[in-house]
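Trainee: Structure below; questions to follow.
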Amino acid sequence: MEQRVFGGTGKQVPVLGQGTWQMEEGDPDEAIRSLRAGLDLGLTHVDTAELYGHGRVEESIVSEAIAGRRQEVFLVSKVMPSNATYAGTLAACERSLKRLRTDTLDCYLLHWPGSHPLEETVRAFEKLVADGKIRSWGVSNFGVAELEELVELAEPERIACNQVLYHLEERAIEHAVLPWCEARGIAVVGYSPFGNGRFPRPDSPGGRVLEAVARAHDVTPRQVALQFLVRRPSLFAIPKAGRVAHLRDNAAAASLKLSRDELARLDAAFPLGAYSDELPML
Ligand code: NAP
């Protein structure tokens, strides 16, 4: 599995990771097997959040999947904006650590911009780093205006990543957020790479191009999509697979190489769309 430097952490992190949102809605044993199979295949970036299943995903699924394997995992969780005061962030982190049965997170994110002063959240993140509770921190769903506010409070090297919505039919980050993060060495983690289950239909114009490229490589359209979404060195993707078969399909995308011509065809088949100040999120 290809690894890349994860923002200012300097750590090598696999280009494909594993999402865990809504895992509690499926078969939890299969989800645990899927996460473990992912670790076996090098998808060691595991993304979770206190929000997911109101803590149940951290407590009953991720903690089980990483039990005895913590050292292999690049473990990421997120604080809810409503908890992101100074004291609230510290407390939320403690709760996540307890649910995950670990003593440290590799990265801790603010889930989306909220109404509490960002300065408090950043101060709490730095306190958690100093105390060894987290190794790095970042943000999620931050547009350029919010990122500009953030770099008034912290050097860009302190910000590991910005986790944002990114799939073939939602490429808004490419207008401004992606170049802004790239210029400052901040990793861009694309979430919902399959549109949270709304993957392009094979009979749609874009879907037909995806199918054609996939056929040429004898791979699946999802594998093509994943490779497209990590085609720049700042990019990571965190597909969620609650089933082992899906996980294996996604992991195999790592070895796919798309030509410049294929990337151009995909680029044209899934147009970027107009710029908006509003960053889309799920
Ligand atoms: P996604 O990864 O775009 O899509 C997940 C869906 O695709 C699931 O229904 C899954 O089915 C299915 N799937 C996965 N691999 C497949 C395959 N090879 N073939 C067919 N179907 C496949 O959706 P997501 O969960 O929204 O996004 C991924 C992760 O990003 C989340 O889990 C979460 O960790 C993170 N995220 C973050 C935010 C944020 O605000 N920061 C927001 C949304 C998501 P099965 O589960 O049945 O395998």
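If you're wondering about the labels, chains in the structure tokens are A, B, ... by order shown, residues count from 1 in each chain, ligands from 1 in order shown.
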Give me, as a CSV table (one decimal) with N, CA and C atoms, in the first residue's frame, all polymer residues having an atom no more than 8 Å from Leu75 of chain A, counting only C-alpha atoms and skipping those fewer than 4 positions away in the same chain.
Mentor:
chain,number,residue,atom,x,y,z
A,44,THR,N,-4.3,1.1,7.1
A,44,THR,CA,-4.2,1.3,8.6
A,44,THR,C,-4.7,2.6,9.1
A,45,HIS,N,-5.0,3.5,8.2
A,45,HIS,CA,-5.6,4.8,8.6
A,45,HIS,C,-7.1,4.5,8.9
A,46,VAL,N,-7.5,4.6,10.2
A,46,VAL,CA,-8.9,4.3,10.5
A,46,VAL,C,-9.5,5.6,11.1
A,47,ASP,N,-10.6,5.9,10.4
A,47,ASP,CA,-11.2,7.2,10.7
A,47,ASP,C,-12.5,7.0,11.4
A,48,THR,N,-12.6,7.6,12.6
A,48,THR,CA,-13.9,7.5,13.4
A,48,THR,C,-14.2,8.8,14.0
A,105,LEU,N,-4.4,9.1,20.5
A,105,LEU,CA,-4.9,9.1,19.1
A,105,LEU,C,-3.8,9.6,18.2
A,106,ASP,N,-3.8,9.1,17.0
A,106,ASP,CA,-2.7,9.6,16.1
A,106,ASP,C,-3.1,11.0,15.5
A,107,CYS,N,-4.4,11.2,15.4
A,107,CYS,CA,-4.8,12.6,15.0
A,107,CYS,C,-6.2,12.8,15.5
Trainee: Let me see if you get this right: every residue at most 7 Å from ligand 1, counting only C-alpha atoms and all ligand atoms, written as a PDB file with C-alpha atoms, in the first residue's frame.
Mentor:
ATOM      1  CA  GLN A  18     -10.999   3.127   6.246  1.00  0.00           C
ATOM      2  CA  GLY A  19     -14.084   5.113   7.180  1.00  0.00           C
ATOM      3  CA  THR A  20     -16.416   3.940   9.940  1.00  0.00           C
ATOM      4  CA  TRP A  21     -19.497   6.185   9.734  1.00  0.00           C
ATOM      5  CA  GLN A  22     -22.787   4.242   9.910  1.00  0.00           C
ATOM      6  CA  MET A  23     -20.976   0.978  10.635  1.00  0.00           C
ATOM      7  CA  ASP A  47     -11.234   7.230  10.690  1.00  0.00           C
ATOM      8  CA  THR A  48     -13.898   7.469  13.374  1.00  0.00           C
ATOM      9  CA  HIS A 111     -15.551  17.638  12.920  1.00  0.00           C
ATOM     10  CA  TRP A 112     -16.792  20.850  11.317  1.00  0.00           C
ATOM     11  CA  SER A 140     -12.668  18.781   8.868  1.00  0.00           C
ATOM     12  CA  ASN A 141     -15.085  20.566   6.542  1.00  0.00           C
ATOM     13  CA  GLN A 163     -10.891  16.165   5.963  1.00  0.00           C
ATOM     14  CA  VAL A 164     -13.407  17.157   3.301  1.00  0.00           C
ATOM     15  CA  LEU A 165     -16.144  15.807   1.053  1.00  0.00           C
ATOM     16  CA  TYR A 191     -14.348  11.563   2.714  1.00  0.00           C
ATOM     17  CA  SER A 192     -17.340   9.802   1.124  1.00  0.00           C
ATOM     18  CA  PRO A 193     -15.268   8.815  -1.942  1.00  0.00           C
ATOM     19  CA  PHE A 194     -18.274   6.808  -3.197  1.00  0.00           C
ATOM     20  CA  GLY A 195     -20.720   9.624  -2.495  1.00  0.00           C
ATOM     21  CA  ASN A 196     -21.866   7.874   0.698  1.00  0.00           C
ATOM     22  CA  GLY A 197     -23.376   5.093  -1.420  1.00  0.00           C
ATOM     23  CA  ARG A 222     -14.869   1.983  -7.683  1.00  0.00           C
ATOM     24  CA  ILE A 238     -11.109   6.922   3.389  1.00  0.00           C
ATOM     25  CA  PRO A 239     -13.790   4.684   1.842  1.00  0.00           C
ATOM     26  CA  LYS A 240     -16.083   2.922   4.274  1.00  0.00           C
ATOM     27  CA  ALA A 241     -16.671  -0.788   3.749  1.00  0.00           C
ATOM     28  CA  GLY A 242     -18.765  -2.640   6.273  1.00  0.00           C
ATOM     29  CA  ARG A 243     -18.278  -5.874   4.320  1.00  0.00           C
ATOM     30  CA  HIS A 246     -16.100  -4.454  -0.418  1.00  0.00           C
ATOM     31  CA  LEU A 247     -12.978  -3.833   1.617  1.00  0.00           C
ATOM     32  CA  ASP A 249     -12.273  -4.520  -3.704  1.00  0.00           C
ATOM     33  CA  ASN A 250     -11.248  -1.093  -2.391  1.00  0.00           C
ATOM     34  CA  MET A 281     -20.420  18.757   3.374  1.00  0.00           C
ATOM     35  CA  LEU A 282     -22.490  15.705   4.259  1.00  0.00           C
TER      36      LEU A 282
END
Trainee: Which polymer residues have any atom within 12 Å of an atom of Arg123 of chain A, counting only C-alpha atoms, with same-chain residues fewer than 6 positions away left out, as a ChimeraX atom specification?
Mentor: /A:84-90,117,129-130,137,150,153-154,158
Trainee: What's around Ile173 of chain A at 12 Å? Count only C-alpha atoms, leave out sequence neighbours fewer than 4 positions away in its own chain, and write the answer as JSON, numbers by chain.
Mentor: {"A": [141, 142, 143, 144, 162, 163, 164, 165, 166, 167, 168, 169, 177, 178, 179, 180, 181, 182, 188, 189, 190, 191, 229, 235, 272, 273, 274, 275, 276, 277, 278, 279, 280, 281]}
Trainee: Write out as a VMD selection string each polymer residue whose atoms come within 7 Å of segment 49-58 of chain A, counting only C-alpha atoms; drop sequence neighbours fewer than 6 positions from it.
Mentor: chain A and resid 21 to 24 77 to 80 96 99 to 100
Trainee: Please identify which residues in segment 18-222 of chain A DSSP calls helix (DSSP H, G or I) from the backbone, and express them as a PyMOL selection string.
Mentor: chain A and resi 23-25+28-40+52-66+70-72+81-83+86-100+118-130+144-150+156-158+172-174+177-183+195-197+205-217+221-222
Trainee: Can those selected residues be exported to a file as a CSV table (one decimal), in the first residue's frame so that it contains C-alpha atoms?
Mentor:
chain,number,residue,atom,x,y,z
A,23,MET,CA,-21.0,1.0,10.6
A,24,GLU,CA,-23.3,0.4,13.5
A,25,GLU,CA,-26.2,0.1,11.1
A,28,PRO,CA,-21.1,-5.2,13.5
A,29,ASP,CA,-19.1,-8.5,13.4
A,30,GLU,CA,-18.7,-8.2,9.7
A,31,ALA,CA,-17.7,-4.6,10.1
A,32,ILE,CA,-15.0,-5.6,12.6
A,33,ARG,CA,-13.8,-8.4,10.2
A,34,SER,CA,-13.7,-5.8,7.4
A,35,LEU,CA,-11.6,-3.4,9.4
A,36,ARG,CA,-9.2,-6.1,10.4
A,37,ALA,CA,-8.9,-7.3,6.9
A,38,GLY,CA,-8.2,-3.7,6.0
A,39,LEU,CA,-5.4,-3.6,8.5
A,40,ASP,CA,-4.0,-6.8,7.0
A,52,TYR,CA,-20.7,7.9,14.9
A,53,GLY,CA,-23.5,5.9,16.4
A,54,HIS,CA,-23.4,8.2,19.4
A,55,GLY,CA,-20.0,6.6,20.5
A,56,ARG,CA,-21.1,3.1,19.6
A,57,VAL,CA,-18.8,2.9,16.6
A,58,GLU,CA,-15.8,3.8,18.6
A,59,GLU,CA,-16.7,1.6,21.6
A,60,SER,CA,-18.1,-1.6,20.0
A,61,ILE,CA,-16.6,-1.7,16.5
A,62,VAL,CA,-13.3,0.2,16.2
A,63,SER,CA,-12.0,-0.7,19.6
A,64,GLU,CA,-12.7,-4.4,18.9
A,65,ALA,CA,-11.1,-4.2,15.4
A,66,ILE,CA,-7.9,-2.6,16.7
A,70,ARG,CA,-3.0,-0.5,18.1
A,71,GLN,CA,0.6,0.0,17.0
A,72,GLU,CA,-0.3,-0.8,13.4
A,81,PRO,CA,-18.3,21.3,17.3
A,82,SER,CA,-20.8,21.5,20.1
A,83,ASN,CA,-18.2,20.0,22.5
A,86,TYR,CA,-11.3,24.2,25.7
A,87,ALA,CA,-12.7,22.0,28.5
A,88,GLY,CA,-15.2,20.3,26.3
A,89,THR,CA,-12.5,19.2,23.8
A,90,LEU,CA,-10.3,17.8,26.6
A,91,ALA,CA,-13.3,15.9,28.0
A,92,ALA,CA,-14.5,14.6,24.6
A,93,CYS,CA,-11.0,13.3,23.9
A,94,GLU,CA,-10.9,11.4,27.2
A,95,ARG,CA,-14.2,9.8,26.4
A,96,SER,CA,-13.1,8.7,22.9
A,97,LEU,CA,-9.8,7.3,24.3
A,98,LYS,CA,-11.8,5.3,26.8
A,99,ARG,CA,-14.3,4.0,24.2
A,100,LEU,CA,-11.5,3.1,21.9
A,118,LEU,CA,-11.6,28.2,17.4
A,119,GLU,CA,-8.8,29.5,19.6
A,120,GLU,CA,-10.2,27.3,22.5
A,121,THR,CA,-10.3,24.2,20.4
A,122,VAL,CA,-6.7,24.8,19.1
A,123,ARG,CA,-5.5,25.4,22.6
A,124,ALA,CA,-7.1,22.2,23.8
A,125,PHE,CA,-5.6,20.3,20.9
A,126,GLU,CA,-2.1,21.6,21.8
A,127,LYS,CA,-2.7,20.7,25.4
A,128,LEU,CA,-3.7,17.1,24.3
A,129,VAL,CA,-0.5,16.9,22.3
A,130,ALA,CA,1.6,18.1,25.2
A,144,VAL,CA,-10.6,28.7,2.9
A,145,ALA,CA,-12.1,31.4,5.1
A,146,GLU,CA,-12.1,29.1,8.1
A,147,LEU,CA,-8.6,27.8,7.2
A,148,GLU,CA,-7.4,31.5,7.1
A,149,GLU,CA,-8.8,32.0,10.6
A,150,LEU,CA,-7.1,28.8,11.7
A,156,PRO,CA,0.3,25.5,9.2
A,157,GLU,CA,2.9,22.8,10.2
A,158,ARG,CA,0.7,22.2,13.3
A,172,ALA,CA,-15.7,21.5,-5.1
A,173,ILE,CA,-12.5,21.3,-3.0
A,174,GLU,CA,-10.4,21.5,-6.2
A,177,VAL,CA,-9.4,24.3,-0.6
A,178,LEU,CA,-7.1,21.7,-2.2
A,179,PRO,CA,-4.6,24.2,-3.6
A,180,TRP,CA,-4.7,26.2,-0.3
A,181,CYS,CA,-3.8,23.1,1.7
A,182,GLU,CA,-1.2,21.9,-0.8
A,183,ALA,CA,0.6,25.2,-0.7
A,195,GLY,CA,-20.7,9.6,-2.5
A,196,ASN,CA,-21.9,7.9,0.7
A,197,GLY,CA,-23.4,5.1,-1.4
A,205,PRO,CA,-22.5,9.7,-19.0
A,206,GLY,CA,-19.8,9.7,-16.4
A,207,GLY,CA,-20.6,6.1,-15.4
A,208,ARG,CA,-20.0,4.9,-18.9
A,209,VAL,CA,-16.5,6.5,-18.9
A,210,LEU,CA,-15.8,4.9,-15.5
A,211,GLU,CA,-16.9,1.5,-16.8
A,212,ALA,CA,-14.7,1.8,-19.9
A,213,VAL,CA,-11.6,2.7,-18.0
A,214,ALA,CA,-12.3,-0.1,-15.5
A,215,ARG,CA,-12.7,-2.6,-18.3
A,216,ALA,CA,-9.4,-1.6,-19.9
A,217,HIS,CA,-7.7,-2.5,-16.6
A,221,PRO,CA,-15.3,1.3,-11.4
A,222,ARG,CA,-14.9,2.0,-7.7
Trainee: So which residues touch Gly138 of chain A within 6 Å, counting only C-alpha atoms, skipping near sequence neighbours fewer than 2 positions away, as a ChimeraX atom specification?
Mentor: /A:109,159-161
Trainee: Kindly give the distance, in Å, that separates atom CA of Ile186 of chain A and atom CA of Gly8 of chain A, rounded to a single decimal.
Mentor: 6.5 Å
Trainee: Give the answer as one residue: which of A:Val244, A:Ala237, A:Ala268, A:Val151 has the shortest atom-to-atom distance to Ala225 of chain A, using only C-alpha atoms?
Mentor: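 The shortest atom-to-atom distance to Ala225 of chain A comes from A:Ala237.
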